[in-house]
Amino acid sequence: MLAASRSASTATTYKAPAAIPGWRQHAIYVDRAIVVLNKPTGLASQPAPHKARQEKSRPTTVRPILERFADSDRLPWPCHRLDKRTTGALVCGKNPSIQRDLHSQFASGHVERKYLAILRGGAKTFKARSPIVIQTLLETHDGAVSVPHDPGSSVEGKISETHLRVLASSPVVPLTLVELEAKTGRRHQLRVHATHIGAPILGDTRYARSKLSPQITEYIQDLQDEDNLYLHASYISFFRYRTTGQNKRFRLGIMAPLPPSFVALCQRVDIPIPEEYIEGGVYVDGEREESGILDDIEGRWRVKNRSVRPHAEEKSIT
């Protein structure tokens with residue numbers, strides 16, 4: 001998930017196309033140093049400079065969105081990665097200084113990342129609602145990531161850790177909404193760990209070892225799209241600095257609103273979703289900033305909140 005730090009790229013001279021529907025809603029937060037996107041499914045998170053012309057007619061990355069925020073000769077650049085089919089919060093730095101700072105925070109473990117996922121397993125699969133710690137080695141062979149059968153003999157395996165918290169299970173089909181916290185940032189870590197505990201992420205055709213049960217298919221077949229992986233980078237937080245005041249360092253948190261398809265599926269199978277996850281928002285030291293305005297860093301929340309769904313309920317970030 002993590003990417004090496006990269007200096008700001010030179011923006012191209014063409015005008016960014018309006019080919020990505022609703023591009024304005026994908027840029028959910030902006031301040032003087034960063035842009036946070038709510039990345040849609042199907043777009044790569046790392047713009048490829050040599051494909052800039054191709055992006056003009058058929059967007060394949062987030063580049064056309066970032067072009068809208070190019071400053072002089074600098075294109076905001078993603079400071080980490082999200083898989084192509086994963087949606088949610090993607091933090092992009094506007095200049096080399098903030099990019100280096102965020103890369104350092106990722107490397108030192110100061111960035112908090114929480115994901116929402118729908119797993120193929122019901123209440124019987126997750127009898128314990130307390131946090132589940134999944135810690136394994138992960139190794140990569142021919143592009144595929146796996147947990148080694150014999151950890152003691154693994155040469156290339158890297159320690160990976162995920163914390164799982166059950167939020168709600170469907171009373172009608174074996175599906176469960178969970179929060180996943182990535183303590184390490186290995187490639188495909190969350191997807192492999194979910195499969196490792198016997199509850200793959202819904203829509204994950206690469207790592208799931210079995211087909212969907214007819215019971216699930218009957219409920220969701222008209223909602224399921226081949227691009228839908230029900231894994232959403234819901235919340236990310238990291239340190240920022242005010243220019244004035246006594247406590248200059250603070251933790252900035254951004255919650256990316258859930259995609260409508262994710263919400264619709266939860267409604268269909270009677271899984272309640274806290275309103276906070278649907279609406280998204282800005283947080284300062286864990287507390288929601290209702291105005292969405294952070295004057296100290298020229299920060300603005302850019303999303304018009306959707307109406308609250310029937311199953312919405314209050315929840316606070318802890």
# chains A, B, ... in the order shown; residues from 1 in each chain; ligands from 1
$ closest_atom_pairs --of "stretch 69-161 of chain A" --to "stretch 24-42 of chain A" --cutoff "6 Å" --atoms "only C-alpha atoms" --output "Markdown table"
| residue | atom | partner | partner_atom | distance |
| --- | --- | --- | --- | --- |
| A:Lys84 | CA | A:Gly42 | CA | 5.3 |
| A:Arg85 | CA | A:Thr41 | CA | 4.7 |
| A:Thr86 | CA | A:Thr41 | CA | 5.8 |
| A:Thr87 | CA | A:Lys39 | CA | 5.1 |
| A:Gly88 | CA | A:Asn38 | CA | 4.5 |
| A:Ala89 | CA | A:Asn38 | CA | 4.8 |
| A:Leu90 | CA | A:Leu37 | CA | 5.1 |
| A:Val91 | CA | A:Val36 | CA | 4.5 |
| A:Cys92 | CA | A:Val35 | CA | 5.2 |
| A:Gly93 | CA | A:Ile34 | CA | 4.6 |
| A:Lys94 | CA | A:Ala33 | CA | 5.3 |
$ write_last_selection --atoms "N, CA, C and O atoms" --output "short mmCIF file (atom, residue, chain, number, x, y, z; two decimals), in the first residue's frame"
data_model
loop_
_atom_site.label_atom_id
_atom_site.label_comp_id
_atom_site.auth_asym_id
_atom_site.auth_seq_id
_atom_site.Cartn_x
_atom_site.Cartn_y
_atom_site.Cartn_z
N LYS A 84 -6.18 -0.68 -7.30
CA LYS A 84 -7.04 -0.11 -8.34
C LYS A 84 -8.52 -0.25 -8.00
O LYS A 84 -9.31 0.66 -8.24
N ARG A 85 -8.90 -1.38 -7.41
CA ARG A 85 -10.32 -1.61 -7.12
C ARG A 85 -10.72 -1.17 -5.71
O ARG A 85 -11.89 -1.29 -5.34
N THR A 86 -9.77 -0.69 -4.92
CA THR A 86 -10.08 -0.18 -3.58
C THR A 86 -10.49 1.28 -3.69
O THR A 86 -9.83 2.06 -4.37
N THR A 87 -11.55 1.66 -3.01
CA THR A 87 -12.00 3.05 -2.99
C THR A 87 -11.50 3.73 -1.72
O THR A 87 -11.02 3.08 -0.80
N GLY A 88 -11.63 5.07 -1.67
CA GLY A 88 -11.40 5.76 -0.41
C GLY A 88 -10.29 6.78 -0.39
O GLY A 88 -9.81 7.25 -1.43
N ALA A 89 -9.88 7.13 0.83
CA ALA A 89 -8.99 8.27 1.08
C ALA A 89 -7.59 8.05 0.53
O ALA A 89 -6.89 7.12 0.92
N LEU A 90 -7.19 8.96 -0.37
CA LEU A 90 -5.86 8.95 -0.97
C LEU A 90 -5.26 10.34 -0.77
O LEU A 90 -5.78 11.32 -1.30
N VAL A 91 -4.18 10.42 0.00
CA VAL A 91 -3.57 11.70 0.34
C VAL A 91 -2.50 12.05 -0.69
O VAL A 91 -1.61 11.24 -0.97
N CYS A 92 -2.59 13.26 -1.24
CA CYS A 92 -1.65 13.72 -2.26
C CYS A 92 -0.97 15.00 -1.80
O CYS A 92 -1.64 15.94 -1.34
N GLY A 93 0.35 15.06 -1.91
CA GLY A 93 1.10 16.24 -1.50
C GLY A 93 1.27 17.22 -2.64
O GLY A 93 1.55 16.83 -3.77
N LYS A 94 1.14 18.50 -2.34
CA LYS A 94 1.26 19.54 -3.36
C LYS A 94 2.71 19.94 -3.63
O LYS A 94 2.99 20.60 -4.64
#
$ select_by_dssp --residues "stretch 48-134 of chain A" --states "strand (DSSP E or B)" --output "PyMOL selection string"
chain A and resi 61+71+74-75+77-78+87-93+112-119+132-134
$ closest_residue --among "A:Thr184, A:Thr176, A:Thr61, A:Ser237" --to "A:Val284" --atoms "only C-alpha atoms"
A:Ser237
$ residues_around --residues "stretch 195-208 of chain A" --least-positions-apart "5" --cutoff "12 Å" --atoms "only C-alpha atoms" --output "number ranges by chain"
A: 83, 85-86, 115-126, 132-138, 143-149, 162, 164, 174-180, 188-190, 213, 216-217, 220-221, 223-232, 262, 265-266
$ closest_residue --among "A:Arg288, A:Arg300, A:Pro171, A:Ser210" --to "A:Arg268" --atoms "only C-alpha atoms"
A:Pro171
$ atom_distance --atom1 "atom CA of A:Gly280" --atom2 "atom CA of A:Ala233"
11.4 Å
$ select_by_dssp --residues "stretch 81-217 of chain A" --states "alpha helix (DSSP H)" --output "ChimeraX atom specification"
/A:96-108,189-196,214-217
$ closest_residue --among "A:Gly185, A:Pro64, A:Gly286, A:Gly281" --to "A:Lys304" --atoms "only C-alpha atoms"
A:Gly281
$ atom_distance --atom1 "atom CA of A:His141" --atom2 "atom CA of A:Gly157"
10.5 Å
$ atom_distance --atom1 "atom CA of A:Asp222" --atom2 "atom CA of A:Val172"
16.7 Å
$ residues_around --residues "A:Gly253" --least-positions-apart "6" --cutoff "7 Å" --atoms "only C-alpha atoms" --output "PDB file with N, CA, C and O atoms, in the first residue's frame"
ATOM      1  N   TYR A 235     -10.704   5.941   6.627  1.00  0.00           N
ATOM      2  CA  TYR A 235     -10.163   6.984   7.511  1.00  0.00           C
ATOM      3  C   TYR A 235      -8.647   6.962   7.485  1.00  0.00           C
ATOM      4  O   TYR A 235      -8.025   5.898   7.544  1.00  0.00           O
ATOM      5  N   ILE A 236      -8.065   8.143   7.407  1.00  0.00           N
ATOM      6  CA  ILE A 236      -6.615   8.269   7.483  1.00  0.00           C
ATOM      7  C   ILE A 236      -6.286   9.503   8.320  1.00  0.00           C
ATOM      8  O   ILE A 236      -6.971  10.532   8.210  1.00  0.00           O
ATOM      9  N   SER A 237      -5.290   9.373   9.191  1.00  0.00           N
ATOM     10  CA  SER A 237      -4.881  10.533   9.992  1.00  0.00           C
ATOM     11  C   SER A 237      -3.365  10.579  10.097  1.00  0.00           C
ATOM     12  O   SER A 237      -2.688   9.544  10.040  1.00  0.00           O
ATOM     13  N   PHE A 238      -2.838  11.795  10.262  1.00  0.00           N
ATOM     14  CA  PHE A 238      -1.392  12.025  10.303  1.00  0.00           C
ATOM     15  C   PHE A 238      -1.160  13.379  10.943  1.00  0.00           C
ATOM     16  O   PHE A 238      -2.103  14.158  11.167  1.00  0.00           O
ATOM     17  N   VAL A 282     -13.986  15.880   8.489  1.00  0.00           N
ATOM     18  CA  VAL A 282     -12.647  16.284   8.927  1.00  0.00           C
ATOM     19  C   VAL A 282     -12.560  16.157  10.442  1.00  0.00           C
ATOM     20  O   VAL A 282     -13.508  16.507  11.158  1.00  0.00           O
ATOM     21  N   TYR A 283     -11.402  15.688  10.940  1.00  0.00           N
ATOM     22  CA  TYR A 283     -11.199  15.492  12.370  1.00  0.00           C
ATOM     23  C   TYR A 283      -9.889  16.134  12.805  1.00  0.00           C
ATOM     24  O   TYR A 283      -8.882  16.072  12.085  1.00  0.00           O
ATOM     25  N   VAL A 284      -9.923  16.737  13.978  1.00  0.00           N
ATOM     26  CA  VAL A 284      -8.729  17.336  14.569  1.00  0.00           C
ATOM     27  C   VAL A 284      -8.512  16.673  15.920  1.00  0.00           C
ATOM     28  O   VAL A 284      -9.367  16.761  16.810  1.00  0.00           O
TER      29      VAL A 284
END
$ closest_residue --among "A:Arg251, A:Arg68, A:Lys127, A:His193" --to "A:Ile159" --atoms "only C-alpha atoms"
A:His193
$ decode --residues "stretch 128-140 of chain A" --atoms "all heavy atoms" --output "compact mmCIF listing (two decimals), in the first residue's frame"
# COMPACT_ATOMS: atom_id res chain seq x y z
N ALA A 128 -16.53 -13.68 18.31
CA ALA A 128 -15.92 -12.68 19.20
C ALA A 128 -15.96 -11.32 18.53
O ALA A 128 -15.42 -11.14 17.44
CB ALA A 128 -14.47 -13.06 19.50
N ARG A 129 -16.61 -10.35 19.16
CA ARG A 129 -16.73 -9.02 18.58
C ARG A 129 -15.57 -8.11 18.98
O ARG A 129 -15.45 -6.99 18.50
CB ARG A 129 -18.06 -8.37 18.99
CG ARG A 129 -19.27 -9.13 18.46
CD ARG A 129 -20.54 -8.41 18.85
NE ARG A 129 -20.70 -7.17 18.10
CZ ARG A 129 -21.30 -7.07 16.91
NH1 ARG A 129 -21.77 -8.15 16.33
NH2 ARG A 129 -21.42 -5.90 16.33
N SER A 130 -14.74 -8.58 19.91
CA SER A 130 -13.57 -7.79 20.31
C SER A 130 -12.57 -7.79 19.16
O SER A 130 -12.61 -8.66 18.28
CB SER A 130 -12.95 -8.36 21.58
OG SER A 130 -12.59 -9.71 21.39
N PRO A 131 -11.64 -6.85 19.14
CA PRO A 131 -10.67 -6.78 18.04
C PRO A 131 -9.91 -8.10 17.84
O PRO A 131 -9.50 -8.74 18.80
CB PRO A 131 -9.73 -5.66 18.48
CG PRO A 131 -10.56 -4.79 19.36
CD PRO A 131 -11.47 -5.74 20.09
N ILE A 132 -9.79 -8.48 16.59
CA ILE A 132 -9.05 -9.68 16.22
C ILE A 132 -7.72 -9.23 15.61
O ILE A 132 -7.70 -8.42 14.68
CB ILE A 132 -9.84 -10.52 15.19
CG1 ILE A 132 -11.19 -10.95 15.78
CG2 ILE A 132 -9.03 -11.73 14.74
CD1 ILE A 132 -12.14 -11.54 14.76
N VAL A 133 -6.63 -9.73 16.13
CA VAL A 133 -5.31 -9.37 15.60
C VAL A 133 -4.84 -10.47 14.66
O VAL A 133 -4.76 -11.64 15.04
CB VAL A 133 -4.28 -9.18 16.74
CG1 VAL A 133 -2.90 -8.88 16.16
CG2 VAL A 133 -4.72 -8.05 17.67
N ILE A 134 -4.58 -10.09 13.42
CA ILE A 134 -4.08 -11.04 12.41
C ILE A 134 -2.63 -10.66 12.13
O ILE A 134 -2.35 -9.59 11.60
CB ILE A 134 -4.91 -10.97 11.11
CG1 ILE A 134 -6.39 -11.07 11.42
CG2 ILE A 134 -4.47 -12.06 10.14
CD1 ILE A 134 -7.29 -10.68 10.25
N GLN A 135 -1.71 -11.54 12.49
CA GLN A 135 -0.29 -11.27 12.27
C GLN A 135 0.34 -12.47 11.58
O GLN A 135 0.32 -13.58 12.12
CB GLN A 135 0.42 -10.98 13.59
CG GLN A 135 1.85 -10.48 13.43
CD GLN A 135 2.51 -10.15 14.75
OE1 GLN A 135 2.89 -11.06 15.50
NE2 GLN A 135 2.64 -8.87 15.05
N THR A 136 0.84 -12.26 10.38
CA THR A 136 1.45 -13.34 9.61
C THR A 136 2.65 -12.80 8.83
O THR A 136 2.85 -11.58 8.75
CB THR A 136 0.47 -13.93 8.57
OG1 THR A 136 0.27 -12.96 7.51
CG2 THR A 136 -0.88 -14.29 9.18
N LEU A 137 3.38 -13.71 8.24
CA LEU A 137 4.33 -13.32 7.21
C LEU A 137 3.58 -13.25 5.90
O LEU A 137 2.62 -14.00 5.68
CB LEU A 137 5.46 -14.35 7.10
CG LEU A 137 6.44 -14.48 8.28
CD1 LEU A 137 7.46 -15.57 8.00
CD2 LEU A 137 7.13 -13.17 8.57
N LEU A 138 3.98 -12.36 5.02
CA LEU A 138 3.43 -12.31 3.66
C LEU A 138 4.60 -12.35 2.68
O LEU A 138 5.60 -11.66 2.87
CB LEU A 138 2.61 -11.03 3.44
CG LEU A 138 1.27 -10.90 4.15
CD1 LEU A 138 0.58 -9.60 3.78
CD2 LEU A 138 0.36 -12.09 3.85
N GLU A 139 4.45 -13.15 1.66
CA GLU A 139 5.47 -13.21 0.62
C GLU A 139 4.83 -13.10 -0.75
O GLU A 139 3.64 -13.39 -0.91
CB GLU A 139 6.29 -14.50 0.74
CG GLU A 139 5.48 -15.77 0.72
CD GLU A 139 6.32 -17.01 1.00
OE1 GLU A 139 7.44 -16.86 1.52
OE2 GLU A 139 5.85 -18.12 0.69
N THR A 140 5.60 -12.64 -1.71
CA THR A 140 5.07 -12.40 -3.05
C THR A 140 5.80 -13.26 -4.07
O THR A 140 7.04 -13.30 -4.09
CB THR A 140 5.23 -10.92 -3.44
OG1 THR A 140 4.58 -10.10 -2.47
CG2 THR A 140 4.62 -10.64 -4.81
